>>> print(open('input36.txt').read())   # compact mmCIF, C-alpha atoms (C1' of nucleotides)
# COMPACT_ATOMS: atom_id res chain seq x y z
CA MET A 460 172.64 108.06 92.92
CA ARG A 461 170.54 110.77 91.30
CA ILE A 462 168.94 110.58 87.85
CA ALA A 463 166.73 113.23 86.28
CA THR A 464 164.84 114.09 83.12
CA TRP A 465 164.29 117.60 81.79
CA ASN A 466 162.76 118.98 78.62
CA VAL A 467 165.07 121.98 78.33
CA ASN A 468 163.34 123.64 75.34
CA SER A 469 166.62 124.48 73.53
CA ILE A 470 169.88 123.57 75.23
CA THR A 471 171.44 126.63 73.58
CA ALA A 472 168.94 129.04 75.16
CA ARG A 473 169.00 127.11 78.43
CA LEU A 474 172.75 126.54 78.77
CA PRO A 475 173.45 129.04 81.60
CA ARG A 476 170.56 127.70 83.67
CA LEU A 477 171.41 124.10 82.79
CA LEU A 478 175.02 124.46 83.92
CA ASP A 479 173.92 126.16 87.15
CA TRP A 480 171.37 123.42 87.76
CA LEU A 481 173.87 120.60 87.19
CA GLY A 482 176.24 122.30 89.63
CA SER A 483 173.65 122.73 92.36
CA GLU A 484 171.57 119.54 91.98
CA GLN A 485 174.45 117.20 91.10
CA PRO A 486 172.57 114.55 89.11
CA ASP A 487 174.66 111.55 88.08
CA VAL A 488 172.58 111.10 84.94
CA LEU A 489 170.41 113.68 83.14
CA CYS A 490 168.12 112.84 80.23
CA MET A 491 167.27 115.89 78.13
CA GLN A 492 164.66 116.55 75.46
CA GLU A 493 164.01 119.29 72.93
CA THR A 494 167.66 120.23 72.80
CA LYS A 495 166.91 121.83 69.40
CA VAL A 496 170.52 121.67 68.29
CA ALA A 497 172.39 119.66 65.66
CA ALA A 498 174.68 116.96 67.07
CA ASP A 499 177.84 118.82 66.04
CA ALA A 500 176.70 122.02 67.78
CA PHE A 501 175.83 120.31 71.09
CA PRO A 502 177.73 121.87 74.07
CA HIS A 503 179.71 118.69 74.86
CA GLU A 504 182.70 120.67 76.15
CA GLN A 505 180.75 122.77 78.66
CA LEU A 506 179.18 119.67 80.17
CA ALA A 507 182.51 117.85 80.14
CA GLU A 508 183.93 120.63 82.32
CA LEU A 509 181.37 119.62 84.94
CA GLY A 510 182.41 115.98 84.63
CA TYR A 511 179.70 114.73 82.27
CA GLN A 512 180.04 112.52 79.24
CA THR A 513 177.30 113.24 76.73
CA ALA A 514 175.44 111.43 73.98
CA ALA A 515 173.37 113.71 71.79
CA LEU A 516 171.05 113.11 68.86
CA GLY A 517 169.91 116.26 67.10
CA GLN A 518 168.61 117.64 63.86
CA GLY A 519 168.80 121.40 64.39
CA ARG A 520 165.63 123.33 64.77
CA TRP A 521 163.24 120.74 66.20
CA ASN A 522 163.35 117.85 68.63
CA GLY A 523 166.73 116.59 69.83
CA VAL A 524 167.48 114.31 72.80
CA ALA A 525 170.58 113.74 74.91
CA ILE A 526 171.97 111.89 77.91
CA ALA A 527 174.62 113.36 80.21
CA SER A 528 176.31 111.00 82.67
CA ARG A 529 179.16 111.25 85.14
CA ILE A 530 179.01 107.51 86.00
CA GLY A 531 179.85 106.13 82.56
CA LEU A 532 178.23 106.27 79.15
CA ASP A 533 178.41 103.11 77.08
CA ASP A 534 176.53 101.21 74.39
CA VAL A 535 174.80 104.33 73.07
CA CYS A 536 171.88 103.58 70.74
CA GLU A 537 170.66 106.51 68.64
CA GLY A 538 167.04 106.59 67.54
CA LEU A 539 164.05 104.33 68.10
CA PRO A 540 164.54 100.88 66.53
CA GLY A 541 161.60 100.09 64.29
CA GLY A 542 160.12 103.53 64.87
CA PRO A 543 158.08 105.43 62.29
CA GLY A 544 159.25 108.52 60.39
CA TYR A 545 157.54 111.85 59.83
CA PRO A 546 156.28 113.33 57.59
CA THR A 547 157.29 110.34 55.48
CA ALA A 548 158.13 106.83 56.64
CA ASP A 549 161.87 107.24 56.06
CA GLU A 550 162.30 110.69 57.68
CA PHE A 551 163.40 109.81 61.19
CA GLU A 552 163.32 112.49 63.86
CA ALA A 553 165.72 112.88 66.80
CA ARG A 554 163.42 111.62 69.55
CA ALA A 555 165.18 108.76 71.32
CA VAL A 556 168.65 107.89 72.59
CA SER A 557 169.60 105.15 75.04
CA ALA A 558 172.77 104.30 76.92
CA THR A 559 174.25 102.31 79.77
CA CYS A 560 175.27 104.57 82.65
CA GLY A 561 177.09 102.55 85.28
CA PRO A 562 174.57 100.04 86.66
CA LEU A 563 171.63 101.58 84.77
CA ARG A 564 170.24 101.26 81.29
CA VAL A 565 168.31 104.42 80.41
CA TRP A 566 166.36 105.92 77.54
CA SER A 567 165.80 109.63 76.94
CA ILE A 568 162.68 110.05 74.81
CA TYR A 569 160.66 112.87 73.29
CA VAL A 570 157.30 111.50 72.15
CA PRO A 571 155.65 113.26 69.17
CA ASN A 572 153.08 115.87 70.19
CA GLY A 573 150.18 114.64 68.03
CA ARG A 574 148.90 118.18 67.40
CA ASP A 575 145.23 117.19 67.00
CA PRO A 576 143.44 113.83 67.24
CA GLY A 577 142.50 114.10 63.56
CA HIS A 578 146.03 115.01 62.40
CA ASP A 579 148.40 112.50 60.85
CA HIS A 580 150.88 113.57 63.52
CA TYR A 581 148.55 111.91 66.03
CA ALA A 582 148.68 108.60 64.14
CA TYR A 583 152.45 109.01 64.03
CA LYS A 584 152.46 109.52 67.81
CA LEU A 585 150.55 106.29 68.42
CA GLN A 586 152.84 104.36 66.05
CA TRP A 587 155.85 105.83 67.81
CA LEU A 588 154.56 104.70 71.23
CA THR A 589 153.93 101.19 69.89
CA ALA A 590 157.50 101.05 68.57
CA LEU A 591 158.78 102.26 71.95
CA ARG A 592 156.90 99.45 73.67
CA ASP A 593 158.48 96.88 71.36
CA ALA A 594 161.94 98.41 71.83
CA VAL A 595 161.92 98.27 75.66
CA VAL A 596 160.23 94.94 76.29
CA ASP A 597 163.43 92.94 76.78
CA ASP A 598 165.15 95.45 79.12
CA ALA A 599 161.90 95.91 81.07
CA LYS A 600 161.94 92.22 82.00
CA GLY A 601 165.66 92.18 82.79
CA SER A 602 167.38 92.13 86.16
CA ARG A 603 169.40 95.28 85.43
CA PRO A 604 167.83 98.55 86.66
CA PHE A 605 166.21 100.08 83.59
CA ALA A 606 164.15 103.21 83.02
CA VAL A 607 162.57 105.18 80.21
CA LEU A 608 162.64 108.88 81.05
CA GLY A 609 161.40 111.84 79.10
CA ASP A 610 158.61 113.93 77.70
CA PHE A 611 155.89 111.38 76.95
CA ASN A 612 153.43 114.07 75.79
CA VAL A 613 150.60 112.10 77.38
CA ALA A 614 148.92 112.82 80.73
CA PRO A 615 148.39 109.29 82.11
CA THR A 616 145.16 110.15 84.01
CA ASP A 617 142.74 113.04 84.47
CA ASP A 618 144.58 113.84 87.71
CA ASP A 619 147.57 114.74 85.56
CA VAL A 620 145.96 117.83 84.00
CA TRP A 621 144.76 120.96 85.79
CA ASP A 622 141.22 120.63 84.41
CA PRO A 623 140.01 117.69 82.30
CA ALA A 624 137.26 119.90 80.89
CA ALA A 625 139.92 122.00 79.17
CA PHE A 626 141.09 118.97 77.19
CA VAL A 627 137.91 117.88 75.41
CA ASP A 628 138.85 116.77 71.88
CA ALA A 629 142.52 117.49 72.61
CA THR A 630 145.60 115.31 72.41
CA HIS A 631 147.55 114.15 75.48
CA VAL A 632 144.46 112.75 77.22
CA THR A 633 142.73 110.51 74.66
CA PRO A 634 141.96 106.87 75.51
CA ALA A 635 144.21 105.68 72.66
CA GLU A 636 147.21 107.62 73.98
CA ARG A 637 146.62 106.42 77.53
CA ALA A 638 146.20 102.84 76.30
CA ALA A 639 149.55 103.13 74.51
CA LEU A 640 151.17 104.16 77.80
CA ALA A 641 149.46 101.25 79.58
CA GLU A 642 150.91 98.85 77.00
CA ILE A 643 154.37 100.23 77.73
CA ARG A 644 153.84 99.74 81.47
CA GLU A 645 152.58 96.20 80.83
CA THR A 646 156.05 95.21 79.67
CA GLY A 647 156.96 95.42 83.37
CA LEU A 648 157.50 99.12 83.97
CA GLY A 649 156.09 101.24 86.79
CA ASP A 650 155.30 104.97 86.84
CA VAL A 651 157.59 106.67 89.38
CA MET A 652 155.28 109.23 91.00
CA PRO A 653 157.23 112.32 92.06
CA ARG A 654 156.40 114.62 94.97
CA PRO A 655 155.16 118.03 93.78
CA LEU A 656 156.97 120.01 96.57
CA LYS A 657 154.17 122.62 96.33
CA TYR A 658 150.42 122.25 95.67
CA ASP A 659 148.85 118.82 95.38
CA LYS A 660 149.75 117.50 91.94
CA PRO A 661 153.20 116.81 90.50
CA PHE A 662 152.86 118.77 87.26
CA THR A 663 155.95 118.95 85.06
CA PHE A 664 154.80 121.38 82.34
CA TRP A 665 153.14 124.77 82.49
CA ASP A 666 152.46 126.81 79.36
CA TYR A 667 154.48 130.01 79.07
CA ARG A 668 151.36 132.09 78.46
CA ALA A 669 148.83 133.73 80.70
CA GLY A 670 150.61 133.08 83.97
CA MET A 671 149.90 129.37 83.86
CA PHE A 672 152.82 128.51 86.13
CA HIS A 673 151.81 131.01 88.77
CA LYS A 674 148.22 129.74 88.68
CA ASN A 675 149.57 126.17 88.79
CA LEU A 676 147.64 125.25 85.65
CA GLY A 677 149.94 122.48 84.52
CA MET A 678 150.22 118.92 83.28
CA ARG A 679 152.22 115.85 84.27
CA ILE A 680 153.63 114.65 80.96
CA ASP A 681 157.33 114.16 81.78
CA LEU A 682 157.51 110.65 83.20
CA VAL A 683 159.90 108.08 84.59
CA TYR A 684 158.96 104.49 83.76
CA GLY A 685 161.22 102.00 85.54
CA ASN A 686 161.43 98.22 85.76
CA THR A 687 161.15 96.43 89.11
CA PRO A 688 164.88 96.60 89.98
CA PHE A 689 164.76 100.35 89.28
CA ILE A 690 161.52 100.97 91.20
CA ASP A 691 162.82 98.99 94.17
CA ALA A 692 165.85 101.29 94.34
CA VAL A 693 163.89 104.58 94.34
CA SER A 694 164.37 106.42 97.63
CA ASP A 695 162.78 109.73 96.56
CA ALA A 696 161.34 111.48 93.51
CA TYR A 697 160.20 115.06 93.08
CA ILE A 698 159.52 117.89 90.64
CA ASP A 699 162.13 120.64 90.80
CA ARG A 700 159.68 123.51 90.31
CA GLN A 701 162.41 126.00 91.27
CA ALA A 702 163.88 125.38 87.81
CA ARG A 703 160.62 126.54 86.19
CA LYS A 704 160.71 129.92 87.94
CA GLY A 705 161.91 133.28 86.69
CA THR A 706 163.04 134.56 83.33
CA GLY A 707 164.86 132.25 80.97
CA ALA A 708 163.19 129.07 82.24
CA SER A 709 162.09 126.12 80.14
CA ASP A 710 158.33 125.50 80.13
CA HIS A 711 159.06 122.09 81.69
CA ALA A 712 160.51 121.37 85.15
CA PRO A 713 162.99 118.57 85.82
CA VAL A 714 161.82 115.31 87.39
CA VAL A 715 164.49 114.18 89.86
CA VAL A 716 164.80 110.59 91.13
CA ASP A 717 167.11 109.46 93.91
CA LEU A 718 168.15 105.81 93.90
CA THR A 719 169.82 103.59 96.43
CA LEU A 720 171.38 100.72 94.55
CA SER A 721 173.10 97.93 96.44
CA SER A 722 176.08 98.17 94.09
CA THR A 723 176.63 101.89 94.78
C1' DA B 139 141.94 127.24 79.14
C1' DT B 140 144.16 129.47 74.02
C1' DG B 141 148.97 130.12 70.81
C1' DC B 142 147.95 135.67 75.33
C1' DC B 143 154.96 132.99 75.15
C1' DT B 144 159.20 131.11 73.49
C1' DT B 145 162.43 129.20 70.26
C1' DT B 146 164.29 128.29 65.91
C1' DC B 147 165.09 129.25 61.28
C1' DC B 148 167.71 133.79 60.00
C1' DC B 149 166.87 139.43 60.10
C1' DA B 150 160.38 138.56 59.09
C1' DG B 151 157.42 136.12 60.10
C1' DA B 152 156.24 131.19 59.79
C1' DA B 153 156.27 126.90 62.25
C1' DA B 154 155.92 124.41 66.26
C1' DG B 155 154.99 123.45 70.90
C1' DA B 156 150.69 120.93 74.31
>>> encode(input="input36.txt", output="structure tokens")
Amino acid sequence: MRIATWNVNSITARLPRLLDWLGSEQPDVLCMQETKVAADAFPHEQLAELGYQTAALGQGRWNGVAIASRIGLDDVCEGLPGGPGYPTADEFEARAVSATCGPLRVWSIYVPNGRDPGHDHYAYKLQWLTALRDAVVDDAKGSRPFAVLGDFNVAPTDDDVWDPAAFVDATHVTPAERAALAEIRETGLGDVMPRPLKYDKPFTFWDYRAGMFHKNLGMRIDLVYGNTPFIDAVSDAYIDRQARKGTGASDHAPVVVDLTLSST
DNA sequence: ATGCCTTTCCCAGAAAGA
């Protein structure tokens, strides 16, 4: 079984490449982020033609998350239970969707950026991560394979950015953000470390500007956090950097995880 | 080592991304 996560940076702009990628890589489950499309404009039909059922949560211009599965899609939960809103407490963004896909329970998440450590968006980010921790604690301890996949917008360690000196006073690397990730892991989840396929670090994001991808100045911020039954089933994990190449690419590459489950 | 790209809103340029 193959499961992947990919921040597509607009599913509308990325649709030709997404459909090609699904056809060639054949994931059974794909978690997507930054679909940037309202739920009623999501390309359900095009993915259905490739055999995928889809659950999409969207609000139009910003954010948007989805799950595509060809092994079943049940018990869909839209949004982050108990999560904060932005800019006001009751304005909930499209940043989380979860579903049961065959033997797996999965979340597709898009963590708020934070913008700047002094910005209220940063406080929102930390509140959001705390709510995510509370929302996954039961499934993390369960016997069913369970994983949270997506764009966490936090580099877990200094090894996960091209140069820590470039991130002084920046978001994505602060102790509070990293502590919030540690609290999520402490529910019983492990960080699935993918192979980079090229160079030494498994970056998942490279800025569009200034040839960052070609200089390999990237970050590892798209993560797969799995519980013990999930981790025990992982046979391989890697960054599909091919998908970041060329014109019309997202600024994120997919993280692909191969699983060998006893039931499949 | 930043908004030098990209996308969306909609047709001009602001907002957002990390």
>>> residues_around(input="input36.txt", residues="segment 141-151 of chain B", least_positions_apart="5", cutoff="8 Å", atoms="all atoms listed in the file", output="ChimeraX atom specification")
/A:468-469,495,520-521,666-669
>>> write_last_selection(input="input36.txt", atoms="C-alpha atoms", output="mmCIF file, in the coordinates of the input")
data_model
loop_
_atom_site.group_PDB
_atom_site.id
_atom_site.type_symbol
_atom_site.label_atom_id
_atom_site.label_comp_id
_atom_site.auth_asym_id
_atom_site.auth_seq_id
_atom_site.Cartn_x
_atom_site.Cartn_y
_atom_site.Cartn_z
ATOM 1 C CA ASN A 468 163.340 123.640 75.340
ATOM 2 C CA SER A 469 166.620 124.480 73.530
ATOM 3 C CA LYS A 495 166.910 121.830 69.400
ATOM 4 C CA ARG A 520 165.630 123.330 64.770
ATOM 5 C CA TRP A 521 163.240 120.740 66.200
ATOM 6 C CA ASP A 666 152.460 126.810 79.360
ATOM 7 C CA TYR A 667 154.480 130.010 79.070
ATOM 8 C CA ARG A 668 151.360 132.090 78.460
ATOM 9 C CA ALA A 669 148.830 133.730 80.700
#
>>> closest_atom_pairs(input="input36.txt", of="chain A", to="chain B", cutoff="10 Å", atoms="all atoms listed in the file", output="tab-separated table")
residue	atom	partner	partner_atom	distance
A:Asn468	CA	B:DT145	C1'	7.6
A:Ser469	CA	B:DT145	C1'	7.1
A:Thr471	CA	B:DT145	C1'	9.9
A:Ala472	CA	B:DT145	C1'	8.1
A:Lys495	CA	B:DT146	C1'	7.8
A:Val496	CA	B:DT146	C1'	9.4
A:Gly519	CA	B:DT146	C1'	8.4
A:Arg520	CA	B:DT146	C1'	5.3
A:Trp521	CA	B:DT146	C1'	7.6
A:Asn572	CA	B:DA156	C1'	6.9
A:Gly573	CA	B:DA156	C1'	8.9
A:Arg574	CA	B:DA156	C1'	7.6
A:Asp575	CA	B:DA156	C1'	9.9
A:Asn612	CA	B:DA156	C1'	7.5
A:Val613	CA	B:DA156	C1'	9.3
A:Trp621	CA	B:DA139	C1'	9.6
A:Asp622	CA	B:DA139	C1'	8.5
A:Ala624	CA	B:DA139	C1'	8.9
A:Ala625	CA	B:DA139	C1'	5.6
A:Phe626	CA	B:DA139	C1'	8.5
A:Ala629	CA	B:DA156	C1'	9.0
A:Thr630	CA	B:DA156	C1'	7.8
A:His631	CA	B:DA156	C1'	7.6
A:Phe664	CA	B:DA156	C1'	9.0
A:Trp665	CA	B:DA156	C1'	9.4
A:Asp666	CA	B:DC143	C1'	7.9
A:Tyr667	CA	B:DC143	C1'	4.9
A:Arg668	CA	B:DC143	C1'	5.0
A:Ala669	CA	B:DC142	C1'	5.8
A:Gly670	CA	B:DC142	C1'	9.4
A:Met671	CA	B:DA139	C1'	9.5
A:Leu676	CA	B:DA139	C1'	8.9
A:Met678	CA	B:DA156	C1'	9.2
A:Ile680	CA	B:DA156	C1'	9.6
A:Gly707	CA	B:DT144	C1'	9.4
A:Ala708	CA	B:DT144	C1'	9.8
A:Ser709	CA	B:DT144	C1'	8.8
A:Asp710	CA	B:DT144	C1'	8.7
>>> atom_distance(input="input36.txt", atom1="atom CA of Val524 of chain A", atom2="atom CA of Cys490 of chain A")
7.6 Å
>>> atom_distance(input="input36.txt", atom1="atom CA of Gln586 of chain A", atom2="atom CA of Asp499 of chain A")
28.9 Å
>>> atom_distance(input="input36.txt", atom1="atom CA of Phe662 of chain A", atom2="atom CA of Leu539 of chain A")
26.5 Å
>>> axis_aligned_box(input="input36.txt", around="segment 139-144 of chain B", padding_each_side="8 Å", output="JSON")
{"center_x": 150.6, "center_y": 131.5, "center_z": 75.0, "size_x": 33.3, "size_y": 24.4, "size_z": 24.3}
>>> decode(input="input36.txt", residues="segment 589-602 of chain A", atoms="C-alpha atoms", output="compact mmCIF listing (two decimals), in the first residue's frame")
# COMPACT_ATOMS: atom_id res chain seq x y z
CA THR A 589 -2.38 22.27 20.63
CA ALA A 590 -5.88 21.52 19.32
CA LEU A 591 -4.40 19.03 16.84
CA ARG A 592 -2.62 17.26 19.69
CA ASP A 593 -5.87 16.96 21.63
CA ALA A 594 -7.76 15.76 18.54
CA VAL A 595 -5.36 12.88 17.72
CA VAL A 596 -4.54 11.56 21.17
CA ASP A 597 -7.08 8.73 21.15
CA ASP A 598 -6.26 7.44 17.63
CA ALA A 599 -2.52 7.74 18.35
CA LYS A 600 -2.87 5.22 21.18
CA GLY A 601 -5.14 2.89 19.20
CA SER A 602 -4.29 -0.41 17.56
